[in-house]
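Peer 1: Encoded as structure tokens, here's the structure I'll be asking about.
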Amino acid sequence: MRILIIGAVSGNGGDAAILRAEVDSIREAAAPEAVYVDVVDSHPALTRTAVPQADRVVGSAAPSPSAERNTPPLVVRALRKLRRLTVSQAQPTSEPVFPLPSEEILQLIAEADVVLYTGGTSLVEHYPLGPKLALMRTALLMGKPLVLGTQSLGPFAVDAHAAAMRAITAEASAVLLRDEKSLQNLRAIDARCDHVHVLPDVVFASGEPVLRPTVSAKPPRVAVSVRSWTKYQRLGSRAGQQKYEEAVRDAVTWLVKEHNAEVTFISTCQGVPGYWTDDSAIAAHIAAGLGSDVRERVTVIREHIPPERLQRRFAEFDVVLATRMHAAILALNAGTPVVAVAYEFKTQELFSRLGMSSLVHEIDAVTGCNLRRSLASVLDDTARARGLVADAVANLRPRANELGQHVVASARRRPSE
């Protein structure tokens, strides 16, 4: 069985964790049948580290001039139609295009038994959608079963995006979503939804949680994951980011002064040359603004830490204050309670599913006061908080692992079916 995973971005530690969990889930579902995994990733070298068992890894490079000549005419005509649609409906601030994949990628699609568009949050309009939609549409036009891995997606305000998503979901073998909000976004564009399944993020399927002893250490150890963000709804990007950073500083100051806590800044997206952002730079900036008496209790980790190591590292802490959602998931997998800052709806949906809505705060409205309140609720009874985490993660794991079953079933299904 040959599986092709497209859309991966292993420069992002959360996406690397998704990729690894997807491969593990597929292999488990396919056993004892042999599985060959090919991956299209914007950071192929990191993919080799994240998924060393991958057979072939190809970068998501632009096609060569000869690609169109070697592509089935049906695919070329369909992508040209998508381009024309895009040009006529492009927004002033968004110019999506639907390019032809490279020859290498086309060859991988041709040889695949099933194509999996990787899970995550890439199908939202504040990221370029054209190349992603074109890649999925190409796979379908080449007669390949397509599964959308566990996604948070939409809403789709650009008509060309909505039209492409309707066509893709109509023909996909299965569409896996992480939350009800994403399902609502598909229904809003009249997409086919009878084959849509709402499942937990596949990373929850990645191994057993590493639970810490019931007695926490004194002083408490706290990990903090931060990020830069520009899509603030209530304030401009600069003012919004400043307000968010001040809320984190306030919480860290309180942790050190009131609890004598040891605070470590550590995140999923850091220390990767060539990746578009580095969370540790934001962490260093926040730490530099702390008082000297607080700063001496704070450590900023700057190097890249692979997801499996990061999960083990999170097991060393009493609580994690996480802005990156996969920092939160890896910490929860490790049995560590999380207080979250939500920059997209996916985090609020996740914590609602966990029954922990009181521990998540919108990035637009976050304050040091509400972060302190949530952190205090965890630190006041860490044994209870860890027990809730263990139960919640155990409940999510079996359904998260269903991704592999959907992929394998699609690969085994005959085209006539």
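Please note that chains go A, B, ... in the order of the structure tokens, that every chain numbers its residues from 1, and that ligands are numbered from 1 in the order shown.
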What's the 9 Å shell around Val226 of chain A, counting only C-alpha atoms, without same-chain residues fewer than 6 positions away, as a list of chain:residue names?
Peer 2: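 Surrounding residues, per the criterion: A:Glu245, A:Val248, A:Phe265, A:Ile266, A:Ser267, A:Asp279, A:Ser280, A:Ile282, A:Ala283, A:Leu321, A:Ala322, A:Thr323, A:Arg324, A:Val341.
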Peer 1: Could you turn the residues from that selection into a file that holds N, CA and C atoms, as a CSV table (one decimal), in the first residue's frame?
Peer 2:
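Generated file (result.csv):
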```
chain,number,residue,atom,x,y,z
A,245,GLU,N,1.5,40.3,24.8
A,245,GLU,CA,2.8,40.1,25.5
A,245,GLU,C,2.8,40.6,26.9
A,248,VAL,N,1.1,38.1,29.2
A,248,VAL,CA,2.0,37.0,29.5
A,248,VAL,C,3.1,37.5,30.5
A,265,PHE,N,10.4,29.3,28.9
A,265,PHE,CA,9.8,29.6,27.6
A,265,PHE,C,10.2,28.5,26.7
A,266,ILE,N,9.3,27.8,26.1
A,266,ILE,CA,9.6,26.7,25.1
A,266,ILE,C,8.4,26.5,24.2
A,267,SER,N,8.6,26.3,22.9
A,267,SER,CA,7.5,26.2,22.0
A,267,SER,C,7.8,25.2,20.9
A,279,ASP,N,9.3,31.3,17.6
A,279,ASP,CA,8.6,31.7,18.8
A,279,ASP,C,9.6,32.1,19.9
A,280,SER,N,10.8,31.5,19.8
A,280,SER,CA,11.8,31.9,20.9
A,280,SER,C,12.2,33.3,20.8
A,282,ILE,N,10.1,35.8,20.2
A,282,ILE,CA,9.1,36.5,20.9
A,282,ILE,C,9.3,36.3,22.4
A,283,ALA,N,9.6,35.0,22.8
A,283,ALA,CA,9.9,34.7,24.2
A,283,ALA,C,11.0,35.5,24.8
A,321,LEU,N,1.5,27.1,30.1
A,321,LEU,CA,0.7,28.2,29.5
A,321,LEU,C,1.0,28.2,28.0
A,322,ALA,N,0.1,27.8,27.2
A,322,ALA,CA,0.3,27.5,25.8
A,322,ALA,C,-0.5,28.4,24.9
A,323,THR,N,0.2,29.1,23.9
A,323,THR,CA,-0.5,29.8,22.8
A,323,THR,C,-0.5,28.8,21.6
A,324,ARG,N,0.5,28.2,21.3
A,324,ARG,CA,0.5,27.2,20.2
A,324,ARG,C,-0.4,26.0,20.6
A,341,VAL,N,-4.0,30.2,25.4
A,341,VAL,CA,-4.4,31.4,24.7
A,341,VAL,C,-4.8,31.0,23.3
```
Peer 1: Could you give me, as a tab-separated table, a per-residue list for segment 85-192 of chain A showing, wherever an atom lies at most 7 Å from an atom of segment 388-408 of chain A, the closest pair of atoms and their distance in Å to one decimal, using only C-alpha atoms and sorting by chain then residue number from low to high?
Peer 2:
```
residue	atom	partner	partner_atom	distance
A:Val147	CA	A:Val407	CA	6.4
A:Gly149	CA	A:Leu403	CA	6.9
A:Ala174	CA	A:His406	CA	6.9
```
Peer 1: Taking the backbone alone, and naming residues the way the document does, which bits of segment 165-330 of chain A are helix (DSSP H, G or I) by DSSP, as JSON, numbers by chain?
Peer 2: {"A": [165, 166, 167, 168, 169, 170, 171, 180, 181, 182, 183, 184, 185, 186, 187, 188, 202, 203, 204, 205, 237, 238, 239, 240, 241, 242, 243, 244, 245, 246, 247, 248, 249, 250, 251, 252, 253, 254, 255, 256, 257, 258, 259, 279, 280, 281, 282, 283, 284, 285, 286, 287, 288, 292, 293, 294, 295, 307, 308, 309, 310, 311, 312, 313, 314, 325, 326, 327, 328, 329, 330]}
Peer 1: Out of A:Ala251, A:Ile189, A:Ala383, A:Ile305, which residue has the shortest atom-to-atom distance to Thr367 of chain A when counting only C-alpha atoms?
Peer 2: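 Among the listed residues, A:Ala251 lies closest to Thr367 of chain A.
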Peer 1: Could you please write out, as a count of residues only, every residue of segment 207-305 of chain A that DSSP assigns to strand (DSSP E)?
Peer 2: 12
Peer 1: Kindly give the distance, in Å, that separates atom CA of Tyr232 of chain A and atom CA of Ile363 of chain A, rounded to a single decimal.
Peer 2: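 Here the two named atoms are 7.8 Å from each other.
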Peer 1: In Å to one decimal, how far is atom CA of Gln311 of chain A from atom CA of Ser374 of chain A?
Peer 2: 22.0 Å
Peer 1: Find, counting only C-alpha atoms, the residue in A:Asp381, A:Thr336, A:Pro307, A:Asp190 that gets nearest to Leu19 of chain A.
Peer 2: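 Checking each candidate against Leu19 of chain A, we get A:Pro307 as the closest.
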Peer 1: Quote the spacing between atom CA of Val9 of chain A and atom CA of His43 of chain A in Å to one decimal place.
Peer 2: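 Computing it gives 6.1 Å between the two atoms.
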